[in-house]
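Everything below concerns the one structure shown next.
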2 protein chains.
Amino acid sequence: MSPDFRVGLLGHGTVGGAFAVSLPRHADRIERVTGLRPVLSGIVTRSEGSFDELLERSDLIVELIGGIEPARTYVVRAIEAGRHVVTANKQLLSHHGEELWELARTQGVQLRFEGAVAGVVPVIRVLQESLAGATIDRIHGIVNGTTNFILSEMATKGVAYGDALAEAQRLGYAEADPAEDVDGSDAAAKMAILARLAFDTPVHFDQVRYEGIEHIQPDDLEYARDLGLGLKLIGTAERIDGGLSVRVHPAFLYGRHPLASINGPFNAVTVESDEITEVTMSGPGAGGPQTASAVLGDVISAMIPPASTPATSERLEIVQDVSSAFYLHLEVADEPGVLATVAQVLARHEVSVKSVVQKGLGDQARLVMVVHPVLESKFAGATAEIAELSVMRAPPRAIRVLEEEFV
Amino acid sequence: MSPDFRVGLLGHGTVGGAFAVSLPRHADRIERVTGLRPVLSGIVTRSEGSFDELLERSDLIVELIGGIEPARTYVVRAIEAGRHVVTANKQLLSHHGEELWELARTQGVQLRFEGAVAGVVPVIRVLQESLAGATIDRIHGIVNGTTNFILSEMATKGVAYGDALAEAQRLGYAEADPAEDVDGSDAAAKMAILARLAFDTPVHFDQVRYEGIEHIQPDDLEYARDLGLGLKLIGTAERIDGGLSVRVHPAFLYGRHPLASINGPFNAVTVESDEITEVTMSGPGAGGPQTASAVLGDVISAMIPPASTPATSERLEIVQDVSSAFYLHLEVADEPGVLATVAQVLARHEVSVKSVVQKGLGDQARLVMVVHPVLESKFAGATAEIAELSVMRAPPRAIRVLEEEFV
């Protein structure tokens with residue numbers, strides 16, 4: 001039996017509830033990797049439970065209550081008691097980050113907050129650690145999934161802002177009171193945190209200028225599309241003349257911009273620097289399980305010694321014969337029945353054709369097709385047999401096709 | 001004066017040379033952030049310098065010699081001597097990773113290797129730390145910039161493989177001997193490392209099946225484009241029936257796949273999991289300064305206590321009036337001279353028009369334009385004056401446009 005690592009949870013809403021489910025589900029694997037067994041030592045909410053008792057029996061406090069108070073008091077008390085703290089609270093950090101980070105340094109405990117910005121997209125850790133060796137010039141981010149979903153709906157379906165918002169609420173991407181999302185203030189809090197980390201300078205929420213998307217008209221999106229532009233709610237933090245600008249506003253992007261392809265409730269952040277060119281990260285920006293996963297990553301980091309690669313905890317068999325879809329290019333004689341002959345061979349090997357086009361005539365005749373996923377050994381058997389057909393003018397050419405599994 | 005943190009460098013090629021320039025350039029900032037002053041304690045190459053002497057006077061060894069030997073011996077000896085090690089050596093880790101990670105755990109030192117896969121794209125740290133709380137199902141990666149550049153050239157210019165390779169060599173994206181890049185073995189070594197971290201299971205280079213791109217024909221790319229497909233060299237590591245498949249091969253992607261838009265010498269990795277949906281990271285996959293930046297990030301991480309947010313080291317002024325390009329939508333009376341009137345007002349406020357279209361007639365007449373970047377205060381002055389013009393039928397509507405600054 002490994003020693004316990006006791007995790008006390010504050011808050012039991014969407015993210016807190018998902019975290020409470022996720023921690024025990026991953027406990028075996030975390031124990032194998034860290035040598036410590038994570039246990040949920042208790043849950044305290046705004047209305048139930050004693051924080052004092054929870055603190056007493058926890059090695060680390062996860063704060064998912066949100067808002068300034070009582071979250072701030074709890075976090076301060078946990079740090080003062082020498083406990084590590086993991087939080088996803090953007091309001092708290094964009095208003096009181098400096099005092100909390102200072103306190104954590106003084107007490108020698110960890111204060112981690114990956115879940116506070118862009119959910120599971122690891123932008124906090126990347127700015128704090130991976131890019132610590134780069135001088136950052138600019139950050140652009142889509143850091144609010146609700147507004148990105150609404151703008152995507154307006155652009156693709158031509159619906160008005162109010163209808164897109166209602167759809168977002170129906171799907172759970174927007175809350176009953178969406179004010180902080182749609183007026184830009186949620187994104188502003190997140191950009192304050194990113195700017196603080198990227199530029200090593202104090203940035204308070206009140207210093208971020210922001211605009212929302214309520215005033216956007218469907219015909220603006222339509223006209224702009226003619227100009228090759230798509231609309232996003234963009235957060236920007238950039239050096240300007242030795243100073244810093246941090247702002248959030250709707251902005252049109254050209255199609256080639258790395259953020260132009262981020263649609264629906266996804267988030268993405270692009271970090272620019274002369275030395276690194278640019279690094280872009282994207283993924284789901286919200287959602288209980290996703291944000292809980294970021295929180296759990298922070299908890300595990302607090303349990304593992306820095307930059308240790310734990311011993312392997314699995315010994316998976318390496319599989320060689322896998323399923324793939326294929327593109328298949330055949331140079332064939334231009335005579336009747338060729339397609340039927342080829343199709344029979346494919347069918348005998350359980351290879352199913354998804355689409356096929358015939359190109360050219362005479363010596364230039366080609367069959368170009370895409371087949372559905374099939375075990376590679378079966379596909380190889382089929383193409384070996386096709387290669388022997390008298391109608392073939394050159395060896396078959398095959399290239400794998402990745403199936404669409406993405407949203 | 002802060003205490004010194006002595007960094008010994010092995011290797012002085014493209015990445016080593018860039019690192020030797022980068023470390024002193026960032027020394028002041030690193031000292032402010034970490035409280036330690038990083039100094040380059042010496043450089044040893046295959047042909048010059050004494051490793052024993054370098055080890056004696058270093059707190060951390062950066063290994064950028066590459067290949068298995070003498071890199072392996074040096075790394076083992078550094079760890080045994082209790083020194084932290086940062087390396088970018090994919091061959092070494094894909095062949096001897098387990099023994100080195102085990103040794104580092106035993107000795108209680110850090111062995112970091114972000115630069116070994118995808119350059120500055122922070123995929124190692126994200127797998128090891130951010131996503132430690134997720135059960136990963138699959139990784140797809142474009143982890144070789146040389147081949148991605150060649151395939152991009154073939155697709156966009158219709159040139160043959162040999163010509164695209166020559167262009168890659170001319171631009172410095174491919175080495176004189178490109179064998180390991182184009183035959184897929186470089187990508188295979190990287191996928192072995194990623195699979196080891198994602199699935200907690202031992203993965204040796206020899207267990208990765210790989211194919212290269214030498215046999216790809218331009219007309220395959222052309223036919224496939226008709227089917228909506230683009231070609232990439234894709235590394236895959238995925239759970240299959242309780243086992244693991246790790247492989248590298250050319251594969252067609254549909255346009256909506258998150259890796260489909262990764263062009264030129266860039267790298268990208270997509271990590272999939274039920275809990276997190278998917279996270280994608282992209283950026284420059286090679287290049288001296290870029291990879292050196294990843295190495296420097298690892299060095300700084302070794303210097304900072306875990307998850308400490310250092311005190312701010314700057315106090316940048318917050319800038320409010322910034323330059324932006326704008327989309328401007330005007331509902332105007334449909335009469336002669338309207339455009340001239342509007343243009344005069346814009347010009348007086350130094351707002352320069354990039355493109356303008358006139359839409360509709362009569363009551364539906366619109367001027368829709370994009371203007372070049374201008375201080376927002378000047379643009380606001382211009383639109384305030386335009387709003388007062390007698391030809392205006394509704395208040396002007398303005399939305400910012402992000403200029404194209406990206407490759």
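For the structure tokens, the naming scheme is as follows: chains receive sequential letters (A, B, ...) according to their order of presentation, residues are indexed from 1 within each chain, and ligands are indexed from 1 in presentation order.
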Which residues of region 28-53 of chain A have any atom within 12 Å of an atom in region 77-101 of chain A when counting only C-alpha atoms, and what is the closest pair of atoms for each, with the distance in Å to one decimal? Order the rows by chain and rising number and write it as a Markdown table.
| residue | atom | partner | partner_atom | distance |
| --- | --- | --- | --- | --- |
| A:Phe51 | CA | A:Ala78 | CA | 9.5 |
| A:Asp52 | CA | A:Arg77 | CA | 9.3 |
| A:Glu53 | CA | A:Ala78 | CA | 11.7 |
Checklist entry - What's the 10 Å shell around region 355-370 of chain A, counting only C-alpha atoms, without same-chain residues fewer than 4 positions away, as a PyMOL selection string? => result (chain A and resi 325-335+338-339+342+392-393+396-401) or (chain B and resi 220+223-224+226-227)
Write a file of the selected residues as a CSV table (one decimal), in the first residue's frame, keeping C-alpha atoms.
chain,number,residue,atom,x,y,z
A,325,ALA,CA,-8.7,3.5,-44.9
A,326,PHE,CA,-6.8,3.7,-48.2
A,327,TYR,CA,-6.5,5.7,-51.3
A,328,LEU,CA,-5.8,3.3,-54.2
A,329,HIS,CA,-4.4,4.4,-57.6
A,330,LEU,CA,-4.6,1.9,-60.5
A,331,GLU,CA,-3.3,2.4,-64.0
A,332,VAL,CA,-5.5,0.1,-66.0
A,333,ALA,CA,-6.3,-0.9,-69.6
A,334,ASP,CA,-9.2,1.1,-70.9
A,335,GLU,CA,-11.6,-1.8,-71.6
A,338,VAL,CA,-12.1,-3.6,-65.6
A,339,LEU,CA,-13.9,-1.9,-62.7
A,342,VAL,CA,-11.1,-5.0,-59.6
A,392,MET,CA,-2.9,-3.6,-64.9
A,393,ARG,CA,-0.4,-1.4,-66.7
A,396,PRO,CA,-1.0,-0.3,-57.7
A,397,ARG,CA,-0.2,2.7,-55.6
A,398,ALA,CA,-1.8,2.9,-52.1
A,399,ILE,CA,-1.6,5.6,-49.5
A,400,ARG,CA,-3.5,5.6,-46.2
A,401,VAL,CA,-6.3,8.0,-45.4
B,220,ASP,CA,-1.4,11.1,-56.3
B,223,TYR,CA,-6.1,13.1,-57.7
B,224,ALA,CA,-6.5,13.2,-53.9
B,226,ASP,CA,-10.2,16.3,-56.1
B,227,LEU,CA,-11.4,14.0,-53.3
Item to check | Contacts of region 154-159 of chain A at 7 Å (only C-alpha atoms; same-chain gap of 4+ positions) as number ranges by chain | outcome: A: 150, 163-164, 218, 221
Next on the checklist: Using DSSP secondary structure from the backbone, list all helix (DSSP H, G or I) positions within region 131-180 of chain B, as a list of chain:residue names.
Outcome noted: B:Leu131, B:Ala132, B:Gly133, B:Gly145, B:Thr146, B:Thr147, B:Asn148, B:Phe149, B:Ile150, B:Leu151, B:Ser152, B:Glu153, B:Met154, B:Ala155, B:Thr156, B:Lys157, B:Tyr161, B:Gly162, B:Asp163, B:Ala164, B:Leu165, B:Ala166, B:Glu167, B:Ala168, B:Gln169, B:Arg170, B:Ala179, B:Glu180
Checklist entry - Among region 111-341 of chain B, which ones does DSSP place in strand (DSSP E), written as an MDAnalysis selection string? => result chainID B and resid 111:112 138:142 209:210 229:240 243:254 266:273 277:284 323:331
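Put simply, CA of Val345 (chain A) is 10.0 Å away from CA of Ala384 (chain A).
The shortest atom-to-atom distance to chain B, with only C-alpha atoms taken into account, belongs to A:Arg25 out of A:Lys378, A:Arg25, A:Arg348, A:Arg6.
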